[in-house]
$ cat model-v2.cif   # mmCIF, C-alpha atoms
data_structure
loop_
_atom_site.group_PDB
_atom_site.id
_atom_site.type_symbol
_atom_site.label_atom_id
_atom_site.label_comp_id
_atom_site.auth_asym_id
_atom_site.auth_seq_id
_atom_site.Cartn_x
_atom_site.Cartn_y
_atom_site.Cartn_z
ATOM 1 C CA MET A 59 -4.927 0.441 32.377
ATOM 2 C CA GLU A 60 -2.266 1.051 29.736
ATOM 3 C CA GLU A 61 -1.854 -2.706 29.163
ATOM 4 C CA THR A 62 -5.625 -3.116 28.744
ATOM 5 C CA LEU A 63 -5.701 -0.185 26.317
ATOM 6 C CA ASN A 64 -2.880 -1.707 24.240
ATOM 7 C CA LEU A 65 -4.663 -5.081 24.190
ATOM 8 C CA LEU A 66 -7.908 -3.368 23.169
ATOM 9 C CA LYS A 67 -6.223 -1.503 20.314
ATOM 10 C CA ALA A 68 -4.641 -4.759 19.114
ATOM 11 C CA ARG A 69 -8.008 -6.544 19.306
ATOM 12 C CA VAL A 70 -9.734 -3.773 17.349
ATOM 13 C CA GLU A 71 -7.035 -3.975 14.660
ATOM 14 C CA LYS A 72 -7.498 -7.746 14.499
ATOM 15 C CA THR A 73 -11.269 -7.383 14.268
ATOM 16 C CA ILE A 74 -11.089 -4.998 11.308
ATOM 17 C CA GLY A 75 -8.080 -6.716 9.729
ATOM 18 C CA ARG A 76 -5.895 -3.629 9.489
ATOM 19 C CA GLU A 77 -3.096 -1.998 11.498
ATOM 20 C CA MET A 78 -3.352 1.718 12.169
ATOM 21 C CA LYS A 79 -0.422 3.266 10.297
ATOM 22 C CA THR A 80 -1.780 6.018 8.048
ATOM 23 C CA PRO A 81 -4.498 8.686 8.162
ATOM 24 C CA ARG A 82 -6.518 6.566 5.731
ATOM 25 C CA ASP A 83 -6.377 3.651 8.218
ATOM 26 C CA PHE A 84 -7.959 5.840 10.900
ATOM 27 C CA ASP A 85 -10.695 6.993 8.509
ATOM 28 C CA PHE A 86 -11.369 3.337 7.698
ATOM 29 C CA LEU A 87 -11.426 2.440 11.405
ATOM 30 C CA SER A 88 -13.871 5.253 12.177
ATOM 31 C CA ALA A 89 -16.223 3.975 9.438
ATOM 32 C CA ARG A 90 -15.912 0.325 10.595
ATOM 33 C CA ILE A 91 -16.615 1.276 14.223
ATOM 34 C CA TYR A 92 -19.757 3.062 13.084
ATOM 35 C CA ALA A 93 -20.803 0.037 10.979
ATOM 36 C CA LEU A 94 -20.226 -2.344 13.910
ATOM 37 C CA THR A 95 -21.645 -0.227 16.752
ATOM 38 C CA ASN A 96 -23.789 2.495 15.164
ATOM 39 C CA THR A 97 -21.673 4.959 17.179
ATOM 40 C CA HIS A 98 -19.335 7.563 15.689
ATOM 41 C CA ILE A 99 -15.771 8.087 16.912
ATOM 42 C CA SER A 100 -13.792 10.602 14.879
ATOM 43 C CA ALA A 101 -10.585 9.653 13.125
ATOM 44 C CA THR A 102 -8.833 12.392 15.146
ATOM 45 C CA THR A 103 -9.920 10.821 18.456
ATOM 46 C CA LEU A 104 -8.661 7.465 17.221
ATOM 47 C CA LYS A 105 -5.333 8.984 16.154
ATOM 48 C CA ARG A 106 -4.930 10.407 19.676
ATOM 49 C CA MET A 107 -5.638 6.997 21.221
ATOM 50 C CA TRP A 108 -3.113 5.234 19.006
ATOM 51 C CA GLY A 109 -0.498 7.934 19.675
ATOM 52 C CA TYR A 110 -0.422 8.836 15.979
ATOM 53 C CA LEU A 111 -0.510 12.527 16.833
ATOM 54 C CA GLY A 112 2.912 12.613 18.502
ATOM 55 C CA LYS A 113 2.235 15.611 20.737
ATOM 56 C CA GLU A 114 -0.631 13.802 22.481
ATOM 57 C CA LYS A 115 1.104 10.625 23.654
ATOM 58 C CA ASN A 116 -0.405 10.876 27.151
ATOM 59 C CA HIS A 117 -3.980 11.268 25.902
ATOM 60 C CA LYS A 118 -6.518 9.678 28.251
ATOM 61 C CA PRO A 119 -9.557 8.565 26.256
ATOM 62 C CA GLN A 120 -13.099 8.982 27.558
ATOM 63 C CA MET A 121 -14.875 5.883 28.925
ATOM 64 C CA PHE A 122 -17.499 6.276 26.173
ATOM 65 C CA THR A 123 -14.743 5.904 23.554
ATOM 66 C CA LEU A 124 -13.239 2.872 25.303
ATOM 67 C CA ASP A 125 -16.644 1.185 25.670
ATOM 68 C CA THR A 126 -17.370 1.807 21.986
ATOM 69 C CA LEU A 127 -14.022 0.331 20.940
ATOM 70 C CA ALA A 128 -14.682 -2.716 23.121
ATOM 71 C CA ARG A 129 -18.100 -3.139 21.464
ATOM 72 C CA ALA A 130 -16.458 -2.895 18.023
ATOM 73 C CA ALA A 131 -14.107 -5.680 19.140
ATOM 74 C CA GLY A 132 -17.084 -7.856 20.076
ATOM 75 C CA TYR A 133 -17.488 -7.182 23.810
ATOM 76 C CA LYS A 134 -20.285 -5.583 25.830
ATOM 77 C CA ASP A 135 -18.016 -2.815 27.142
ATOM 78 C CA LEU A 136 -14.475 -2.127 28.372
ATOM 79 C CA ASN A 137 -15.025 -4.031 31.633
ATOM 80 C CA ALA A 138 -16.134 -7.151 29.720
ATOM 81 C CA PHE A 139 -13.074 -6.846 27.476
ATOM 82 C CA ALA A 140 -10.724 -6.368 30.455
ATOM 83 C CA ASN A 141 -12.228 -9.375 32.257
ATOM 84 C CA ALA A 142 -11.870 -11.537 29.155
ATOM 85 C CA ALA A 143 -8.284 -10.354 28.622
ATOM 86 C CA GLU A 144 -7.430 -11.056 32.258
ATOM 87 C CA SER A 145 -8.811 -14.582 32.173
ATOM 88 C CA SER A 146 -7.865 -15.338 28.578
ATOM 89 C CA SER A 147 -7.403 -19.036 28.062
ATOM 90 C CA GLY A 148 -7.621 -19.157 24.295
ATOM 91 C CA SER A 149 -11.391 -19.559 24.548
ATOM 92 C CA ASP A 150 -13.892 -16.759 24.341
ATOM 93 C CA PHE A 151 -17.526 -15.995 23.641
ATOM 94 C CA ILE A 152 -18.279 -14.855 20.115
ATOM 95 C CA ASN A 153 -19.950 -11.475 20.338
ATOM 96 C CA ASN A 154 -19.014 -10.249 16.871
ATOM 97 C CA GLU A 155 -21.659 -9.821 14.223
ATOM 98 C CA CYS A 156 -22.475 -13.289 12.897
ATOM 99 C CA LEU A 157 -24.275 -14.476 9.770
ATOM 100 C CA LYS A 158 -25.943 -17.897 9.872
ATOM 101 C CA THR A 159 -25.920 -18.879 6.228
ATOM 102 C CA SER A 160 -29.080 -20.970 6.431
ATOM 103 C CA ALA A 161 -30.945 -17.694 7.044
ATOM 104 C CA LEU A 162 -29.989 -16.483 3.564
ATOM 105 C CA ALA A 163 -32.248 -16.714 0.523
ATOM 106 C CA LEU A 164 -31.143 -18.490 -2.648
ATOM 107 C CA GLY A 165 -29.118 -16.111 -4.780
ATOM 108 C CA ASP A 166 -28.122 -13.742 -1.949
ATOM 109 C CA VAL A 167 -24.713 -12.208 -2.585
ATOM 110 C CA ILE A 168 -22.095 -11.670 0.138
ATOM 111 C CA ARG A 169 -18.793 -9.798 -0.073
ATOM 112 C CA LEU A 170 -15.912 -11.069 2.089
ATOM 113 C CA LEU A 171 -12.803 -8.980 2.803
ATOM 114 C CA TRP A 172 -9.570 -9.870 4.601
ATOM 115 C CA ALA A 173 -5.999 -8.636 4.786
ATOM 116 C CA PRO A 174 -4.091 -7.785 2.784
ATOM 117 C CA ASP A 175 -6.617 -6.394 0.277
ATOM 118 C CA ARG A 176 -8.376 -9.687 -0.479
ATOM 119 C CA THR A 177 -11.997 -9.623 -1.612
ATOM 120 C CA ILE A 178 -14.329 -12.313 -2.864
ATOM 121 C CA THR A 179 -17.966 -11.978 -3.818
ATOM 122 C CA ILE A 180 -20.020 -15.130 -3.314
ATOM 123 C CA ARG A 181 -23.559 -16.268 -4.115
ATOM 124 C CA TYR A 182 -25.634 -18.475 -1.811
ATOM 125 C CA GLU A 183 -26.765 -21.664 -3.564
ATOM 126 C CA GLY A 184 -28.675 -23.208 -0.632
ATOM 127 C CA MET A 185 -27.802 -25.892 1.929
ATOM 128 C CA ASP A 186 -24.752 -23.865 3.168
ATOM 129 C CA MET A 187 -23.173 -23.934 -0.316
ATOM 130 C CA PHE A 188 -21.671 -20.896 -2.053
ATOM 131 C CA THR A 189 -20.197 -20.129 -5.475
ATOM 132 C CA VAL A 190 -17.430 -17.542 -5.935
ATOM 133 C CA ILE A 191 -18.618 -15.021 -8.504
ATOM 134 C CA GLU A 192 -15.678 -12.605 -8.234
ATOM 135 C CA SER A 193 -12.221 -12.806 -6.664
ATOM 136 C CA VAL A 194 -9.743 -9.951 -6.202
ATOM 137 C CA ASN A 195 -6.198 -10.645 -4.930
ATOM 138 C CA SER A 196 -7.285 -14.058 -3.632
ATOM 139 C CA LYS A 197 -6.215 -17.614 -4.491
ATOM 140 C CA LEU A 198 -9.884 -18.438 -5.034
ATOM 141 C CA SER A 199 -11.379 -18.245 -8.535
ATOM 142 C CA ALA A 200 -14.770 -17.422 -9.999
ATOM 143 C CA GLY A 201 -16.747 -20.664 -10.183
ATOM 144 C CA ASP A 202 -15.154 -22.236 -7.079
ATOM 145 C CA THR A 203 -17.716 -23.749 -4.682
ATOM 146 C CA PHE A 204 -17.592 -24.412 -0.938
ATOM 147 C CA HIS A 205 -19.711 -24.933 2.185
ATOM 148 C CA VAL A 206 -19.931 -22.556 5.172
ATOM 149 C CA SER A 207 -22.459 -22.544 8.029
ATOM 150 C CA TYR A 208 -21.490 -19.309 9.806
ATOM 151 C CA ILE A 209 -19.561 -16.179 8.873
ATOM 152 C CA ILE A 210 -18.315 -14.220 11.886
ATOM 153 C CA ASN A 211 -16.948 -10.699 11.437
ATOM 154 C CA GLY A 212 -13.363 -10.426 12.649
ATOM 155 C CA GLU A 213 -12.733 -14.179 12.800
ATOM 156 C CA PRO A 214 -11.008 -16.510 10.318
ATOM 157 C CA LEU A 215 -13.411 -18.271 7.935
ATOM 158 C CA MET A 216 -13.019 -21.978 7.137
ATOM 159 C CA LEU A 217 -14.308 -22.951 3.700
ATOM 160 C CA ASN A 218 -15.306 -26.621 3.753
ATOM 161 C CA CYS A 219 -15.266 -28.912 0.709
ATOM 162 C CA LEU A 220 -13.771 -26.193 -1.496
ATOM 163 C CA VAL A 221 -13.731 -27.249 -5.137
ATOM 164 C CA HIS A 222 -11.106 -24.960 -6.656
ATOM 165 C CA GLU A 223 -11.026 -24.812 -10.453
ATOM 166 C CA GLY A 224 -12.678 -28.235 -10.712
ATOM 167 C CA GLY A 225 -10.103 -29.986 -8.504
ATOM 168 C CA THR A 226 -10.496 -32.376 -5.603
ATOM 169 C CA PRO A 227 -12.486 -31.012 -2.631
ATOM 170 C CA THR A 228 -10.277 -29.524 0.074
ATOM 171 C CA ASN A 229 -10.557 -27.039 2.948
ATOM 172 C CA TYR A 230 -9.328 -23.447 2.854
ATOM 173 C CA ILE A 231 -9.050 -20.694 5.480
ATOM 174 C CA CYS A 232 -9.627 -17.004 4.761
ATOM 175 C CA GLY A 233 -8.262 -14.325 7.074
ATOM 176 C CA ARG A 234 -6.096 -16.570 9.244
ATOM 177 C CA THR A 235 -4.644 -13.428 10.839
ATOM 178 C CA GLY A 236 -7.104 -10.619 11.390
ATOM 179 C CA GLY A 237 -10.211 -12.518 10.342
ATOM 180 C CA VAL A 238 -12.723 -11.627 7.639
ATOM 181 C CA THR A 239 -15.429 -9.032 7.410
ATOM 182 C CA TYR A 240 -18.595 -9.599 5.451
ATOM 183 C CA SER A 241 -21.355 -7.506 3.968
ATOM 184 C CA ILE A 242 -24.507 -8.491 2.183
ATOM 185 C CA VAL A 243 -24.488 -6.972 -1.292
ATOM 186 C CA ARG A 244 -27.700 -5.160 -2.078
ATOM 187 C CA SER A 245 -28.986 -5.121 -5.640
ATOM 188 C CA ASP A 246 -28.259 -1.363 -5.867
ATOM 189 C CA ASP A 247 -24.550 -1.816 -4.824
#
$ encode --input "model-v2.cif" --output "structure tokens"
Amino acid sequence: MEETLNLLKARVEKTIGREMKTPRDFDFLSARIYALTNTHISATTLKRMWGYLGKEKNHKPQMFTLDTLARAAGYKDLNAFANAAESSSGSDFINNECLKTSALALGDVIRLLWAPDRTITIRYEGMDMFTVIESVNSKLSAGDTFHVSYIINGEPLMLNCLVHEGGTPTNYICGRTGGVTYSIVRSDD
């Protein structure tokens, strides 16, 4: 069980793109778990699980907490995660939240985040094409264009036919380790 728990914690960290090292990380994780599962797990419970609170190293988490963490990592529950981990062959079903870009309306704005502290805001131009409208700590620039068909939370994102600063089209990967997270930007954000 301890090996499965360690694998689950690693998978959750990969899904959210952040290692649990500081109290702020656990607050962030608690908020991301709620966003992904609509279920609240307190930062204190998460600290216990990760052994951050030194005096509680032998903490045994509740099954509800483990199932919720597995769901945040893209699995139905802990059993589904354990079965996938046991038979891991480098292939897996994608259960993470997924955005099919063709379902977007022209002009929709998406924010992409990946480690360490990279953020781009993109606008949908139609036919799976996007324009970067803002870039923070990223190699991409405002005005760059690219094609993407799907954006999957917690997975790396391949930008196809990226035209960076007017150059020759190329491909680019965001979130190679840890994946990306996305959110649709509402007009009141």
$ resolve_selection --input "model-v2.cif" --expression "the PyMOL selection byres ((chain A and resi 65) around 12)" --output "mmCIF file with C-alpha atoms, in the frame of the given file"
data_model
loop_
_atom_site.group_PDB
_atom_site.id
_atom_site.type_symbol
_atom_site.label_atom_id
_atom_site.label_comp_id
_atom_site.auth_asym_id
_atom_site.auth_seq_id
_atom_site.Cartn_x
_atom_site.Cartn_y
_atom_site.Cartn_z
ATOM 1 C CA MET A 59 -4.927 0.441 32.377
ATOM 2 C CA GLU A 60 -2.266 1.051 29.736
ATOM 3 C CA GLU A 61 -1.854 -2.706 29.163
ATOM 4 C CA THR A 62 -5.625 -3.116 28.744
ATOM 5 C CA LEU A 63 -5.701 -0.185 26.317
ATOM 6 C CA ASN A 64 -2.880 -1.707 24.240
ATOM 7 C CA LEU A 66 -7.908 -3.368 23.169
ATOM 8 C CA LYS A 67 -6.223 -1.503 20.314
ATOM 9 C CA ALA A 68 -4.641 -4.759 19.114
ATOM 10 C CA ARG A 69 -8.008 -6.544 19.306
ATOM 11 C CA VAL A 70 -9.734 -3.773 17.349
ATOM 12 C CA GLU A 71 -7.035 -3.975 14.660
ATOM 13 C CA LYS A 72 -7.498 -7.746 14.499
ATOM 14 C CA TRP A 108 -3.113 5.234 19.006
ATOM 15 C CA LEU A 124 -13.239 2.872 25.303
ATOM 16 C CA LEU A 127 -14.022 0.331 20.940
ATOM 17 C CA ALA A 128 -14.682 -2.716 23.121
ATOM 18 C CA ALA A 131 -14.107 -5.680 19.140
ATOM 19 C CA LEU A 136 -14.475 -2.127 28.372
ATOM 20 C CA PHE A 139 -13.074 -6.846 27.476
ATOM 21 C CA ALA A 140 -10.724 -6.368 30.455
ATOM 22 C CA ASN A 141 -12.228 -9.375 32.257
ATOM 23 C CA ALA A 142 -11.870 -11.537 29.155
ATOM 24 C CA ALA A 143 -8.284 -10.354 28.622
ATOM 25 C CA GLU A 144 -7.430 -11.056 32.258
ATOM 26 C CA SER A 146 -7.865 -15.338 28.578
#
$ atom_distance --input "model-v2.cif" --atom1 "atom CA of A:Asn211" --atom2 "atom CA of A:Val243"
15.3 Å
$ atom_distance --input "model-v2.cif" --atom1 "atom CA of A:Ser193" --atom2 "atom CA of A:Gly165"
17.3 Å
$ residues_around --input "model-v2.cif" --residues "A:Arg76" --least-positions-apart "5" --cutoff "9 Å" --atoms "only C-alpha atoms" --output "PyMOL selection string"
chain A and resi 70-71+83+87+172-174+236
$ write_last_selection --input "model-v2.cif" --atoms "C-alpha atoms" --output "short mmCIF file (atom, residue, chain, number, x, y, z; two decimals), keeping the file's coordinate frame"
data_model
loop_
_atom_site.label_atom_id
_atom_site.label_comp_id
_atom_site.auth_asym_id
_atom_site.auth_seq_id
_atom_site.Cartn_x
_atom_site.Cartn_y
_atom_site.Cartn_z
CA VAL A 70 -9.73 -3.77 17.35
CA GLU A 71 -7.04 -3.98 14.66
CA ASP A 83 -6.38 3.65 8.22
CA LEU A 87 -11.43 2.44 11.40
CA TRP A 172 -9.57 -9.87 4.60
CA ALA A 173 -6.00 -8.64 4.79
CA PRO A 174 -4.09 -7.78 2.78
CA GLY A 236 -7.10 -10.62 11.39
#
$ atom_distance --input "model-v2.cif" --atom1 "atom CA of A:Ala93" --atom2 "atom CA of A:Leu171"
14.6 Å
$ axis_aligned_box --input "model-v2.cif" --around "stretch 205-214 of chain A" --padding-each-side "8 Å" --output "JSON"
{"center_x": -16.7, "center_y": -17.7, "center_z": 7.5, "size_x": 27.5, "size_y": 30.5, "size_z": 26.6}
$ resolve_selection --input "model-v2.cif" --expression "the PyMOL selection byres ((chain A and resi 95-105) around 12)" --output "VMD selection string"
chain A and resid 67 70 to 71 78 to 94 106 to 115 117 to 120 122 to 135 153 to 155
$ write_last_selection --input "model-v2.cif" --atoms "C-alpha atoms" --output "short mmCIF file (atom, residue, chain, number, x, y, z; two decimals), keeping the file's coordinate frame"
data_model
loop_
_atom_site.label_atom_id
_atom_site.label_comp_id
_atom_site.auth_asym_id
_atom_site.auth_seq_id
_atom_site.Cartn_x
_atom_site.Cartn_y
_atom_site.Cartn_z
CA LYS A 67 -6.22 -1.50 20.31
CA VAL A 70 -9.73 -3.77 17.35
CA GLU A 71 -7.04 -3.98 14.66
CA MET A 78 -3.35 1.72 12.17
CA LYS A 79 -0.42 3.27 10.30
CA THR A 80 -1.78 6.02 8.05
CA PRO A 81 -4.50 8.69 8.16
CA ARG A 82 -6.52 6.57 5.73
CA ASP A 83 -6.38 3.65 8.22
CA PHE A 84 -7.96 5.84 10.90
CA ASP A 85 -10.70 6.99 8.51
CA PHE A 86 -11.37 3.34 7.70
CA LEU A 87 -11.43 2.44 11.40
CA SER A 88 -13.87 5.25 12.18
CA ALA A 89 -16.22 3.98 9.44
CA ARG A 90 -15.91 0.32 10.60
CA ILE A 91 -16.61 1.28 14.22
CA TYR A 92 -19.76 3.06 13.08
CA ALA A 93 -20.80 0.04 10.98
CA LEU A 94 -20.23 -2.34 13.91
CA ARG A 106 -4.93 10.41 19.68
CA MET A 107 -5.64 7.00 21.22
CA TRP A 108 -3.11 5.23 19.01
CA GLY A 109 -0.50 7.93 19.68
CA TYR A 110 -0.42 8.84 15.98
CA LEU A 111 -0.51 12.53 16.83
CA GLY A 112 2.91 12.61 18.50
CA LYS A 113 2.24 15.61 20.74
CA GLU A 114 -0.63 13.80 22.48
CA LYS A 115 1.10 10.62 23.65
CA HIS A 117 -3.98 11.27 25.90
CA LYS A 118 -6.52 9.68 28.25
CA PRO A 119 -9.56 8.56 26.26
CA GLN A 120 -13.10 8.98 27.56
CA PHE A 122 -17.50 6.28 26.17
CA THR A 123 -14.74 5.90 23.55
CA LEU A 124 -13.24 2.87 25.30
CA ASP A 125 -16.64 1.18 25.67
CA THR A 126 -17.37 1.81 21.99
CA LEU A 127 -14.02 0.33 20.94
CA ALA A 128 -14.68 -2.72 23.12
CA ARG A 129 -18.10 -3.14 21.46
CA ALA A 130 -16.46 -2.90 18.02
CA ALA A 131 -14.11 -5.68 19.14
CA GLY A 132 -17.08 -7.86 20.08
CA TYR A 133 -17.49 -7.18 23.81
CA LYS A 134 -20.28 -5.58 25.83
CA ASP A 135 -18.02 -2.82 27.14
CA ASN A 153 -19.95 -11.48 20.34
CA ASN A 154 -19.01 -10.25 16.87
CA GLU A 155 -21.66 -9.82 14.22
#
$ closest_residue --input "model-v2.cif" --among "A:Leu198, A:His205, A:Ile210, A:Ile242" --to "A:Glu223" --atoms "all atoms listed in the file"
A:Leu198
$ resolve_selection --input "model-v2.cif" --expression "the PyMOL selection byres ((chain A and resi 170) around 6)" --output "PyMOL selection string"
chain A and resi 169+171+177-178+239-240
$ closest_residue --input "model-v2.cif" --among "A:Asn195, A:Asn229, A:Thr73, A:Thr159" --to "A:Arg176" --atoms "all atoms listed in the file"
A:Asn195
